[in-house]
$ cat start-v4.cif   # mmCIF, C-alpha atoms
data_final
#
loop_
_atom_site.label_atom_id
_atom_site.label_comp_id
_atom_site.auth_asym_id
_atom_site.auth_seq_id
_atom_site.Cartn_x
_atom_site.Cartn_y
_atom_site.Cartn_z
CA MET A 1 -3.85 7.54 92.14
CA SER A 2 -3.62 5.33 89.11
CA THR A 3 -4.48 1.68 88.80
CA MET A 4 -1.44 -0.50 89.27
CA SER A 5 -0.51 -3.27 86.86
CA ILE A 6 0.75 -6.41 88.54
CA ALA A 7 2.65 -7.38 85.39
CA ALA A 8 4.80 -4.26 85.75
CA LEU A 9 5.72 -4.90 89.41
CA GLN A 10 9.15 -6.25 90.24
CA PRO A 11 10.53 -7.44 93.56
CA GLY A 12 12.73 -4.71 95.00
CA GLU A 13 10.50 -1.86 93.81
CA GLU A 14 10.28 0.75 96.56
CA LEU A 15 7.16 2.23 98.09
CA PRO A 16 7.32 6.03 98.35
CA PRO A 17 8.58 6.75 101.89
CA GLN A 18 6.52 8.79 104.35
CA ASN A 19 7.88 10.85 107.23
CA HIS A 20 6.17 11.37 110.57
CA SER A 21 7.24 13.83 113.27
CA PRO A 22 4.67 13.23 116.00
CA ASP A 23 4.27 15.86 118.70
CA ASN A 24 2.62 15.89 122.13
CA VAL A 25 -0.72 16.96 120.69
CA GLN A 26 -0.90 14.08 118.23
CA LEU A 27 0.21 11.55 120.84
CA PHE A 28 -2.36 12.94 123.29
CA PHE A 29 -5.14 12.64 120.70
CA TYR A 30 -4.06 9.10 119.80
CA ASN A 31 -4.03 7.79 123.36
CA ALA A 32 -7.29 9.61 124.12
CA ALA A 33 -8.90 7.91 121.10
CA LEU A 34 -7.82 4.55 122.55
CA TRP A 35 -8.45 5.38 126.24
CA ASN A 36 -4.80 4.56 126.94
CA ALA A 37 -3.55 6.18 130.16
CA HIS A 38 -0.03 4.68 130.24
CA ARG A 39 2.14 7.44 131.71
CA ILE A 40 5.12 6.81 129.40
CA HIS A 41 3.09 8.57 126.67
CA TYR A 42 2.35 11.88 128.46
CA ASP A 43 4.08 12.12 131.88
CA LEU A 44 7.65 13.19 131.01
CA PRO A 45 9.14 12.99 134.55
CA TYR A 46 7.64 9.50 134.89
CA ALA A 47 8.90 8.37 131.48
CA THR A 48 12.44 9.63 132.10
CA ASP A 49 13.02 9.38 135.87
CA VAL A 50 11.02 6.23 136.67
CA GLU A 51 11.14 4.22 133.43
CA GLY A 52 14.49 5.56 132.20
CA TYR A 53 13.35 6.50 128.68
CA PRO A 54 14.99 9.49 126.96
CA GLY A 55 11.55 11.05 126.28
CA LEU A 56 7.85 10.45 125.82
CA VAL A 57 7.31 7.12 124.07
CA ILE A 58 5.32 6.90 120.82
CA ALA A 59 2.53 4.34 121.24
CA GLY A 60 3.35 1.05 119.50
CA PRO A 61 0.13 0.62 117.48
CA LEU A 62 0.48 4.18 116.13
CA LEU A 63 3.63 2.94 114.39
CA GLY A 64 1.63 0.01 113.03
CA ASP A 65 -0.97 2.42 111.68
CA TRP A 66 1.73 4.32 109.79
CA LEU A 67 2.88 1.10 108.09
CA GLY A 68 -0.71 0.61 106.91
CA GLN A 69 -0.84 4.20 105.64
CA CYS A 70 2.37 3.75 103.65
CA VAL A 71 0.93 0.64 101.98
CA GLU A 72 -2.43 2.24 101.20
CA ALA A 73 -0.82 5.41 99.79
CA TRP A 74 1.18 3.23 97.38
CA LEU A 75 -1.81 1.03 96.57
CA GLY A 76 -4.24 3.90 95.97
CA GLU A 77 -7.59 2.67 94.69
CA GLY A 78 -5.80 -0.13 92.87
CA GLY A 79 -6.18 -2.85 95.47
CA ALA A 80 -6.96 -3.92 99.00
CA LEU A 81 -4.96 -4.71 102.12
CA LEU A 82 -5.41 -8.40 103.08
CA ASN A 83 -2.90 -8.77 105.91
CA LEU A 84 -0.56 -6.52 107.90
CA GLU A 85 1.94 -7.68 110.46
CA TYR A 86 4.59 -5.78 112.38
CA SER A 87 6.78 -6.02 115.43
CA ASN A 88 7.65 -3.18 117.83
CA ARG A 89 11.38 -3.90 118.27
CA GLY A 90 12.56 -0.54 119.49
CA ALA A 91 10.96 2.51 121.03
CA ALA A 92 10.47 5.89 119.32
CA TYR A 93 10.19 9.24 121.10
CA ILE A 94 8.55 12.64 120.72
CA GLY A 95 10.93 14.89 118.82
CA GLU A 96 12.13 12.20 116.41
CA THR A 97 11.30 12.12 112.72
CA LEU A 98 10.45 8.59 111.65
CA THR A 99 10.58 7.30 108.10
CA VAL A 100 8.13 4.65 106.95
CA GLY A 101 8.93 2.70 103.82
CA GLY A 102 8.89 -0.66 102.13
CA THR A 103 9.73 -2.70 99.08
CA VAL A 104 7.94 -5.25 96.92
CA GLU A 105 9.09 -8.61 98.24
CA ALA A 106 7.14 -11.07 96.08
CA VAL A 107 4.59 -10.91 93.26
CA ASN A 108 2.02 -13.66 92.72
CA ALA A 109 0.51 -12.68 89.38
CA ALA A 110 -1.79 -15.73 89.26
CA LYS A 111 -3.50 -14.74 92.50
CA GLY A 112 -3.11 -11.01 91.94
CA GLU A 113 -1.32 -10.76 95.27
CA VAL A 114 1.80 -8.84 96.28
CA THR A 115 3.88 -9.23 99.45
CA LEU A 116 5.56 -6.08 100.75
CA ALA A 117 8.43 -5.84 103.24
CA LEU A 118 7.92 -2.81 105.47
CA HIS A 119 9.95 -0.84 107.98
CA ILE A 120 10.03 2.23 110.17
CA ARG A 121 13.46 3.78 110.71
CA ASN A 122 14.46 6.36 113.28
CA GLU A 123 16.87 9.20 112.53
CA ALA A 124 19.84 7.00 113.44
CA GLY A 125 18.75 4.63 110.65
CA ASP A 126 17.74 1.79 112.98
CA VAL A 127 14.70 -0.26 111.95
CA ILE A 128 12.49 0.04 115.02
CA THR A 129 9.40 -1.53 113.46
CA PRO A 130 9.80 -4.18 110.78
CA GLY A 131 6.63 -5.43 109.11
CA ARG A 132 5.08 -7.15 106.15
CA ALA A 133 1.87 -6.70 104.20
CA LEU A 134 -0.12 -8.80 101.74
CA VAL A 135 -2.24 -6.89 99.23
CA ARG A 136 -4.51 -7.93 96.38
CA LEU A 137 -4.57 -5.81 93.26
CA HIS A 138 -7.87 -5.27 91.46
CA GLY A 139 -8.05 -6.45 87.86
CA MET B 140 14.20 -25.93 134.00
CA GLY B 141 11.38 -23.87 132.56
CA VAL B 142 9.58 -20.92 134.07
CA LEU B 143 6.11 -21.92 132.85
CA THR B 144 4.18 -24.23 135.12
CA ALA B 145 1.38 -26.56 133.98
CA GLU B 146 -0.95 -24.33 135.95
CA LEU B 147 0.08 -21.30 133.87
CA LYS B 148 -0.14 -23.22 130.60
CA ALA B 149 -3.68 -24.27 131.56
CA ASN B 150 -4.76 -20.68 130.81
CA ILE B 151 -4.33 -21.35 127.08
CA GLY B 152 -7.77 -21.27 125.50
CA LYS B 153 -9.23 -18.87 128.04
CA ALA B 154 -11.54 -16.27 126.45
CA ALA B 155 -12.75 -12.88 127.62
CA PRO B 156 -16.48 -12.14 127.45
CA PRO B 157 -17.42 -10.88 123.94
CA ARG B 158 -17.78 -7.11 123.66
CA THR B 159 -20.17 -5.35 121.31
CA GLU B 160 -19.26 -1.87 120.07
CA VAL B 161 -21.04 0.57 117.75
CA VAL B 162 -18.85 2.35 115.20
CA THR B 163 -19.57 6.07 114.91
CA ARG B 164 -18.38 8.58 112.31
CA ARG B 165 -17.22 10.84 115.15
CA ASP B 166 -14.93 8.16 116.59
CA ILE B 167 -13.51 7.30 113.16
CA ARG B 168 -12.79 10.98 112.53
CA LYS B 169 -11.02 11.36 115.88
CA TYR B 170 -8.91 8.27 115.19
CA ALA B 171 -8.09 9.45 111.65
CA ILE B 172 -6.95 12.87 112.85
CA ALA B 173 -4.92 11.41 115.72
CA THR B 174 -3.07 9.08 113.34
CA ASN B 175 -2.38 11.77 110.72
CA GLN B 176 -4.35 10.03 107.96
CA GLN B 177 -4.07 11.60 104.50
CA GLN B 178 -7.10 10.05 102.81
CA ARG B 179 -10.35 12.04 102.79
CA LYS B 180 -12.55 8.95 103.30
CA TYR B 181 -10.86 8.38 106.67
CA LEU B 182 -10.71 12.03 107.79
CA ASP B 183 -14.43 12.41 106.92
CA GLY B 184 -15.25 9.17 108.74
CA ASP B 185 -16.79 7.43 105.70
CA GLU B 186 -14.63 4.37 106.38
CA ALA B 187 -12.32 3.30 109.20
CA PRO B 188 -8.52 3.12 108.68
CA PRO B 189 -6.99 -0.38 108.88
CA LEU B 190 -5.93 -0.14 112.54
CA TYR B 191 -9.04 1.61 113.86
CA HIS B 192 -10.22 -1.61 115.55
CA VAL B 193 -7.27 -1.28 117.97
CA ALA B 194 -8.96 1.84 119.40
CA LEU B 195 -12.48 0.42 119.18
CA PHE B 196 -11.61 -2.63 121.27
CA TRP B 197 -9.12 -1.04 123.71
CA ASP B 198 -10.48 -1.64 127.23
CA VAL B 199 -12.52 1.24 128.64
CA VAL B 200 -11.59 1.09 132.32
CA GLU B 201 -12.45 3.23 135.30
CA LEU B 202 -9.81 5.38 137.01
CA ASP B 203 -9.51 3.15 140.06
CA GLU B 204 -8.81 0.16 137.80
CA LEU B 205 -5.55 1.69 136.55
CA THR B 206 -2.18 0.81 138.06
CA PRO B 207 0.01 3.74 139.25
CA ASP B 208 1.73 3.80 135.83
CA GLY B 209 -1.65 4.27 134.14
CA VAL B 210 -2.02 0.79 132.72
CA SER B 211 -5.15 -1.33 132.94
CA VAL B 212 -4.67 -4.91 134.04
CA ASP B 213 -5.67 -7.39 131.34
CA ALA B 214 -7.98 -9.83 133.13
CA LEU B 215 -7.45 -12.40 130.36
CA LEU B 216 -3.81 -12.90 131.37
CA PRO B 217 -2.50 -14.93 134.30
CA LYS B 218 0.23 -13.51 136.52
CA PHE B 219 3.45 -14.44 134.72
CA PRO B 220 6.76 -15.10 136.55
CA LEU B 221 8.44 -12.59 134.18
CA GLU B 222 6.90 -9.14 133.92
CA LYS B 223 9.15 -6.83 131.91
CA ALA B 224 7.53 -6.37 128.46
CA MET B 225 10.20 -6.53 125.74
CA ALA B 226 8.43 -6.26 122.41
CA GLY B 227 5.15 -6.94 120.84
CA GLY B 228 3.70 -7.41 117.44
CA LEU B 229 0.41 -7.63 115.63
CA ASN B 230 -0.68 -9.79 112.71
CA ILE B 231 -3.96 -8.52 111.25
CA THR B 232 -6.04 -10.26 108.59
CA TYR B 233 -8.76 -8.21 106.92
CA HIS B 234 -12.01 -9.87 105.85
CA ASP B 235 -14.14 -6.73 105.47
CA ARG B 236 -13.95 -2.96 105.97
CA ILE B 237 -15.47 -1.03 108.89
CA ARG B 238 -17.92 1.84 108.32
CA PRO B 239 -19.98 4.13 110.57
CA GLY B 240 -23.08 2.43 111.94
CA ASP B 241 -21.44 -1.00 112.01
CA VAL B 242 -22.16 -3.06 115.13
CA LEU B 243 -19.10 -5.20 115.83
CA VAL B 244 -18.49 -7.99 118.31
CA GLY B 245 -14.94 -8.54 119.55
CA GLU B 246 -13.86 -11.72 121.30
CA ARG B 247 -10.36 -12.15 122.73
CA THR B 248 -8.81 -15.56 123.37
CA LEU B 249 -5.46 -16.37 124.95
CA THR B 250 -4.28 -18.82 122.29
CA ASP B 251 -0.73 -19.68 123.32
CA ILE B 252 1.87 -19.37 126.07
CA TYR B 253 5.40 -20.69 125.50
CA GLU B 254 8.95 -19.97 126.50
CA LYS B 255 12.33 -19.74 124.82
CA GLU B 256 15.81 -19.33 126.17
CA GLY B 257 17.09 -15.84 125.34
CA ARG B 258 20.68 -14.60 125.45
CA SER B 259 20.24 -13.26 128.98
CA GLY B 260 17.71 -15.72 130.36
CA PRO B 261 14.27 -17.15 129.75
CA LEU B 262 11.65 -15.34 127.69
CA ILE B 263 7.91 -15.88 127.88
CA PHE B 264 5.81 -15.45 124.74
CA TYR B 265 2.05 -15.24 124.74
CA GLU B 266 -0.48 -14.81 121.96
CA VAL B 267 -3.95 -13.28 122.12
CA VAL B 268 -6.33 -13.53 119.15
CA LEU B 269 -9.05 -10.92 118.72
CA GLU B 270 -11.84 -11.99 116.38
CA VAL B 271 -13.99 -9.09 115.19
CA ARG B 272 -17.27 -10.15 113.66
CA ARG B 273 -20.61 -8.67 112.71
CA GLU B 274 -23.65 -9.64 114.75
CA ASP B 275 -24.53 -12.26 112.10
CA GLY B 276 -21.13 -13.85 112.75
CA SER B 277 -19.47 -12.80 109.48
CA PRO B 278 -15.76 -12.08 110.01
CA VAL B 279 -14.37 -8.55 109.78
CA ILE B 280 -10.86 -8.73 111.29
CA THR B 281 -8.67 -11.42 112.85
CA GLU B 282 -5.84 -9.96 114.90
CA LYS B 283 -3.11 -11.90 116.65
CA THR B 284 -1.03 -10.07 119.26
CA THR B 285 2.29 -11.61 120.32
CA ARG B 286 4.08 -10.26 123.37
CA ILE B 287 7.44 -11.13 124.87
CA LEU B 288 8.23 -10.89 128.59
CA ARG B 289 11.65 -11.12 130.19
#

$ encode --input "start-v4.cif" --output "structure tokens"
Amino acid sequence: MSTMSIAALQPGEELPPQNHSPDNVQLFFYNAALWNAHRIHYDLPYATDVEGYPGLVIAGPLLGDWLGQCVEAWLGEGGALLNLEYSNRGAAYIGETLTVGGTVEAVNAAKGEVTLALHIRNEAGDVITPGRALVRLHG
Amino acid sequence: MGVLTAELKANIGKAAPPRTEVVTRRDIRKYAIATNQQQRKYLDGDEAPPLYHVALFWDVVELDELTPDGVSVDALLPKFPLEKAMAGGLNITYHDRIRPGDVLVGERTLTDIYEKEGRSGPLIFYEVVLEVRREDGSPVITEKTTRILR
């Protein structure tokens, strides 16, 4: 991870995308870590027959976490996350591969701050979780 | 004609009792593994990933407090006339990082309730702010949750 130069950053530059293919074990661990017992995350007959979902639903804040990971992987040791916002617009399900990515939206060289537009897409290409981050680059 | 009564709107400003939690390396490690973190400092529990506070301040409820669908009722919220959750979002501002041994105080406040007319009827929006501070009051994280009901 190299130090990033703010002078070299241009709006439109892409963050390296990251893929996630969560399975039952990961989703179980995640909801156990939270103490979240919502049946849509582990009870398949409930999720499909009662709630009408096509499968077990990935927990919303897990998607938010992945946006943060995508930003930090790009940032490396070169800066710090100041703000992260996202919206869970669509659901994601066990069995899907989700792609997390983003682009540089704005560069404020005077403040050393960069705004990033973020997204998570499902396999159909729909943005299920749009987001935005503000980071400050060191030096 | 709106769906929000003055009585419902009077809940704006209501706060839940502050909760104090101790951050442990073990809990950070569990969270880091569950979220598929790639950085060693998170997997080893030297520092908490940016959304770890979501787990730390999730309500720990007893089995008989869960609804049949496994959800815990948020005592901070009034009973809304619309109940189907549509979408939600978080806006998180970072003031400081979280490390093992930290003692953190979380205080949740219902900061807004409003309505908008959607394409297929009224929508209720509400906002809850979670302030995470150290015991000396210094800020660590400010998180605003927005949820939409239809």

$ closest_residue --input "start-v4.cif" --among "B:Gly257, B:Gly245, B:Gly240, B:Gly228" --to "Asp185 (chain B)" --atoms "all atoms listed in the file"
B:Gly240

$ resolve_selection --input "start-v4.cif" --expression "the PyMOL selection byres ((chain A and resi 21) around 12)" --output "mmCIF file with C-alpha atoms, in the coordinates of the input"
data_model
loop_
_atom_site.group_PDB
_atom_site.id
_atom_site.type_symbol
_atom_site.label_atom_id
_atom_site.label_comp_id
_atom_site.auth_asym_id
_atom_site.auth_seq_id
_atom_site.Cartn_x
_atom_site.Cartn_y
_atom_site.Cartn_z
ATOM 1 C CA GLN A 18 6.520 8.790 104.350
ATOM 2 C CA ASN A 19 7.880 10.850 107.230
ATOM 3 C CA HIS A 20 6.170 11.370 110.570
ATOM 4 C CA PRO A 22 4.670 13.230 116.000
ATOM 5 C CA ASP A 23 4.270 15.860 118.700
ATOM 6 C CA ASN A 24 2.620 15.890 122.130
ATOM 7 C CA VAL A 25 -0.720 16.960 120.690
ATOM 8 C CA GLN A 26 -0.900 14.080 118.230
ATOM 9 C CA LEU A 27 0.210 11.550 120.840
ATOM 10 C CA ILE A 58 5.320 6.900 120.820
ATOM 11 C CA LEU A 63 3.630 2.940 114.390
ATOM 12 C CA TRP A 66 1.730 4.320 109.790
ATOM 13 C CA ALA A 92 10.470 5.890 119.320
ATOM 14 C CA TYR A 93 10.190 9.240 121.100
ATOM 15 C CA ILE A 94 8.550 12.640 120.720
ATOM 16 C CA GLY A 95 10.930 14.890 118.820
ATOM 17 C CA GLU A 96 12.130 12.200 116.410
ATOM 18 C CA THR A 97 11.300 12.120 112.720
ATOM 19 C CA LEU A 98 10.450 8.590 111.650
ATOM 20 C CA THR A 99 10.580 7.300 108.100
ATOM 21 C CA VAL A 100 8.130 4.650 106.950
ATOM 22 C CA ASN A 122 14.460 6.360 113.280
ATOM 23 C CA GLU A 123 16.870 9.200 112.530
ATOM 24 C CA THR B 174 -3.070 9.080 113.340
ATOM 25 C CA ASN B 175 -2.380 11.770 110.720
#

$ atom_distance --input "start-v4.cif" --atom1 "CA of Gly64 (chain A)" --atom2 "CA of Gly227 (chain B)"
11.0 Å

$ closest_atom_pairs --input "start-v4.cif" --of "chain A" --to "chain B" --cutoff "8 Å" --atoms "all atoms listed in the file" --output "CSV"
residue,atom,partner,partner_atom,distance
A:Gln26,CA,B:Ala173,CA,5.4
A:Leu27,CA,B:Ala173,CA,7.2
A:Phe29,CA,B:Ala173,CA,5.1
A:Tyr30,CA,B:Ala173,CA,4.8
A:Ala33,CA,B:Tyr170,CA,5.9
A:Leu34,CA,B:Ala194,CA,4.3
A:Trp35,CA,B:Val199,CA,6.3
A:Asn36,CA,B:Val210,CA,7.4
A:Ala37,CA,B:Gly209,CA,4.8
A:His38,CA,B:Gly209,CA,4.2
A:Arg39,CA,B:Gly209,CA,5.5
A:Ile40,CA,B:Asp208,CA,7.9
A:Pro61,CA,B:Val193,CA,7.7
A:Leu62,CA,B:Thr174,CA,6.7
A:Gly64,CA,B:Leu190,CA,7.6
A:Asp65,CA,B:Leu190,CA,5.6
A:Trp66,CA,B:Thr174,CA,7.6
A:Gly68,CA,B:Pro189,CA,6.7
A:Gln69,CA,B:Gln176,CA,7.2
A:Leu81,CA,B:Tyr233,CA,7.1
A:Leu82,CA,B:Tyr233,CA,5.1
A:Asn83,CA,B:Thr232,CA,4.4
A:Leu84,CA,B:Ile231,CA,5.2
A:Glu85,CA,B:Asn230,CA,4.0
A:Tyr86,CA,B:Gly228,CA,5.4
A:Ser87,CA,B:Gly228,CA,3.9
A:Asn88,CA,B:Gly227,CA,5.4
A:Arg89,CA,B:Ala226,CA,5.6
A:Gly90,CA,B:Ala226,CA,7.6

$ residues_around --input "start-v4.cif" --residues "Val107 (chain A)" --least-positions-apart "4" --cutoff "12 Å" --atoms "all atoms listed in the file" --output "ChimeraX atom specification"
/A:5-13,103,111-117,134-137

$ write_last_selection --input "start-v4.cif" --atoms "C-alpha atoms" --output "CSV table (one decimal), keeping the file's coordinate frame"
chain,number,residue,atom,x,y,z
A,5,SER,CA,-0.5,-3.3,86.9
A,6,ILE,CA,0.8,-6.4,88.5
A,7,ALA,CA,2.6,-7.4,85.4
A,8,ALA,CA,4.8,-4.3,85.8
A,9,LEU,CA,5.7,-4.9,89.4
A,10,GLN,CA,9.2,-6.2,90.2
A,11,PRO,CA,10.5,-7.4,93.6
A,12,GLY,CA,12.7,-4.7,95.0
A,13,GLU,CA,10.5,-1.9,93.8
A,103,THR,CA,9.7,-2.7,99.1
A,111,LYS,CA,-3.5,-14.7,92.5
A,112,GLY,CA,-3.1,-11.0,91.9
A,113,GLU,CA,-1.3,-10.8,95.3
A,114,VAL,CA,1.8,-8.8,96.3
A,115,THR,CA,3.9,-9.2,99.4
A,116,LEU,CA,5.6,-6.1,100.8
A,117,ALA,CA,8.4,-5.8,103.2
A,134,LEU,CA,-0.1,-8.8,101.7
A,135,VAL,CA,-2.2,-6.9,99.2
A,136,ARG,CA,-4.5,-7.9,96.4
A,137,LEU,CA,-4.6,-5.8,93.3

$ atom_distance --input "start-v4.cif" --atom1 "CA of Val279 (chain B)" --atom2 "CA of Thr250 (chain B)"
19.1 Å

$ build_atoms --input "start-v4.cif" --residues "region 83-93 of chain A" --atoms "all heavy atoms" --output "PDB file, in the frame of the given file"
ATOM      1  N   ASN A  83      -3.556  -8.423 104.651  1.00  0.00           N
ATOM      2  CA  ASN A  83      -2.900  -8.770 105.910  1.00  0.00           C
ATOM      3  C   ASN A  83      -1.794  -7.759 106.189  1.00  0.00           C
ATOM      4  O   ASN A  83      -1.120  -7.309 105.273  1.00  0.00           O
ATOM      5  CB  ASN A  83      -2.315 -10.192 105.837  1.00  0.00           C
ATOM      6  CG  ASN A  83      -1.644 -10.612 107.138  1.00  0.00           C
ATOM      7  OD1 ASN A  83      -0.446 -10.383 107.340  1.00  0.00           O
ATOM      8  ND2 ASN A  83      -2.388 -11.211 108.040  1.00  0.00           N
ATOM      9  N   LEU A  84      -1.650  -7.415 107.475  1.00  0.00           N
ATOM     10  CA  LEU A  84      -0.560  -6.520 107.900  1.00  0.00           C
ATOM     11  C   LEU A  84       0.012  -7.091 109.182  1.00  0.00           C
ATOM     12  O   LEU A  84      -0.740  -7.409 110.108  1.00  0.00           O
ATOM     13  CB  LEU A  84      -1.104  -5.106 108.148  1.00  0.00           C
ATOM     14  CG  LEU A  84      -0.105  -4.079 108.695  1.00  0.00           C
ATOM     15  CD1 LEU A  84       0.951  -3.728 107.642  1.00  0.00           C
ATOM     16  CD2 LEU A  84      -0.832  -2.815 109.140  1.00  0.00           C
ATOM     17  N   GLU A  85       1.314  -7.250 109.218  1.00  0.00           N
ATOM     18  CA  GLU A  85       1.940  -7.680 110.460  1.00  0.00           C
ATOM     19  C   GLU A  85       3.155  -6.799 110.736  1.00  0.00           C
ATOM     20  O   GLU A  85       3.805  -6.304 109.817  1.00  0.00           O
ATOM     21  CB  GLU A  85       2.353  -9.162 110.400  1.00  0.00           C
ATOM     22  CG  GLU A  85       3.364  -9.496 109.341  1.00  0.00           C
ATOM     23  CD  GLU A  85       3.913 -10.910 109.501  1.00  0.00           C
ATOM     24  OE1 GLU A  85       4.727 -11.132 110.409  1.00  0.00           O
ATOM     25  OE2 GLU A  85       3.525 -11.771 108.713  1.00  0.00           O
ATOM     26  N   TYR A  86       3.419  -6.569 112.019  1.00  0.00           N
ATOM     27  CA  TYR A  86       4.590  -5.780 112.380  1.00  0.00           C
ATOM     28  C   TYR A  86       4.995  -6.139 113.794  1.00  0.00           C
ATOM     29  O   TYR A  86       4.240  -6.741 114.555  1.00  0.00           O
ATOM     30  CB  TYR A  86       4.299  -4.276 112.265  1.00  0.00           C
ATOM     31  CG  TYR A  86       3.292  -3.774 113.261  1.00  0.00           C
ATOM     32  CD1 TYR A  86       3.682  -3.335 114.531  1.00  0.00           C
ATOM     33  CD2 TYR A  86       1.939  -3.751 112.948  1.00  0.00           C
ATOM     34  CE1 TYR A  86       2.764  -2.889 115.454  1.00  0.00           C
ATOM     35  CE2 TYR A  86       1.004  -3.313 113.870  1.00  0.00           C
ATOM     36  CZ  TYR A  86       1.420  -2.883 115.122  1.00  0.00           C
ATOM     37  OH  TYR A  86       0.499  -2.458 116.043  1.00  0.00           O
ATOM     38  N   SER A  87       6.227  -5.745 114.117  1.00  0.00           N
ATOM     39  CA  SER A  87       6.780  -6.020 115.430  1.00  0.00           C
ATOM     40  C   SER A  87       7.413  -4.748 115.978  1.00  0.00           C
ATOM     41  O   SER A  87       8.196  -4.106 115.285  1.00  0.00           O
ATOM     42  CB  SER A  87       7.826  -7.139 115.281  1.00  0.00           C
ATOM     43  OG  SER A  87       8.445  -7.377 116.510  1.00  0.00           O
ATOM     44  N   ASN A  88       7.050  -4.356 117.192  1.00  0.00           N
ATOM     45  CA  ASN A  88       7.650  -3.180 117.830  1.00  0.00           C
ATOM     46  C   ASN A  88       8.954  -3.614 118.490  1.00  0.00           C
ATOM     47  O   ASN A  88       8.966  -4.095 119.611  1.00  0.00           O
ATOM     48  CB  ASN A  88       6.688  -2.566 118.859  1.00  0.00           C
ATOM     49  CG  ASN A  88       5.452  -1.963 118.225  1.00  0.00           C
ATOM     50  OD1 ASN A  88       4.331  -2.393 118.459  1.00  0.00           O
ATOM     51  ND2 ASN A  88       5.634  -0.959 117.400  1.00  0.00           N
ATOM     52  N   ARG A  89      10.075  -3.447 117.776  1.00  0.00           N
ATOM     53  CA  ARG A  89      11.380  -3.900 118.270  1.00  0.00           C
ATOM     54  C   ARG A  89      12.089  -2.865 119.111  1.00  0.00           C
ATOM     55  O   ARG A  89      12.844  -3.175 120.012  1.00  0.00           O
ATOM     56  CB  ARG A  89      12.289  -4.250 117.073  1.00  0.00           C
ATOM     57  CG  ARG A  89      11.779  -5.394 116.235  1.00  0.00           C
ATOM     58  CD  ARG A  89      12.353  -6.730 116.681  1.00  0.00           C
ATOM     59  NE  ARG A  89      11.708  -7.820 115.968  1.00  0.00           N
ATOM     60  CZ  ARG A  89      12.075  -8.244 114.771  1.00  0.00           C
ATOM     61  NH1 ARG A  89      13.098  -7.683 114.168  1.00  0.00           N
ATOM     62  NH2 ARG A  89      11.430  -9.226 114.188  1.00  0.00           N
ATOM     63  N   GLY A  90      11.898  -1.609 118.754  1.00  0.00           N
ATOM     64  CA  GLY A  90      12.560  -0.540 119.490  1.00  0.00           C
ATOM     65  C   GLY A  90      11.591   0.598 119.716  1.00  0.00           C
ATOM     66  O   GLY A  90      10.613   0.723 118.987  1.00  0.00           O
ATOM     67  N   ALA A  91      11.870   1.416 120.721  1.00  0.00           N
ATOM     68  CA  ALA A  91      10.960   2.510 121.030  1.00  0.00           C
ATOM     69  C   ALA A  91      11.297   3.747 120.186  1.00  0.00           C
ATOM     70  O   ALA A  91      12.417   3.905 119.711  1.00  0.00           O
ATOM     71  CB  ALA A  91      11.037   2.857 122.514  1.00  0.00           C
ATOM     72  N   ALA A  92      10.283   4.600 119.997  1.00  0.00           N
ATOM     73  CA  ALA A  92      10.470   5.890 119.320  1.00  0.00           C
ATOM     74  C   ALA A  92       9.936   6.968 120.254  1.00  0.00           C
ATOM     75  O   ALA A  92       9.032   6.706 121.061  1.00  0.00           O
ATOM     76  CB  ALA A  92       9.731   5.905 117.999  1.00  0.00           C
ATOM     77  N   TYR A  93      10.475   8.187 120.131  1.00  0.00           N
ATOM     78  CA  TYR A  93      10.190   9.240 121.100  1.00  0.00           C
ATOM     79  C   TYR A  93       9.728  10.526 120.422  1.00  0.00           C
ATOM     80  O   TYR A  93      10.091  10.793 119.264  1.00  0.00           O
ATOM     81  CB  TYR A  93      11.450   9.514 121.939  1.00  0.00           C
ATOM     82  CG  TYR A  93      12.005   8.259 122.558  1.00  0.00           C
ATOM     83  CD1 TYR A  93      13.050   7.574 121.950  1.00  0.00           C
ATOM     84  CD2 TYR A  93      11.415   7.715 123.691  1.00  0.00           C
ATOM     85  CE1 TYR A  93      13.526   6.377 122.486  1.00  0.00           C
ATOM     86  CE2 TYR A  93      11.883   6.531 124.236  1.00  0.00           C
ATOM     87  CZ  TYR A  93      12.936   5.862 123.629  1.00  0.00           C
ATOM     88  OH  TYR A  93      13.388   4.681 124.151  1.00  0.00           O
TER      89      TYR A  93
END
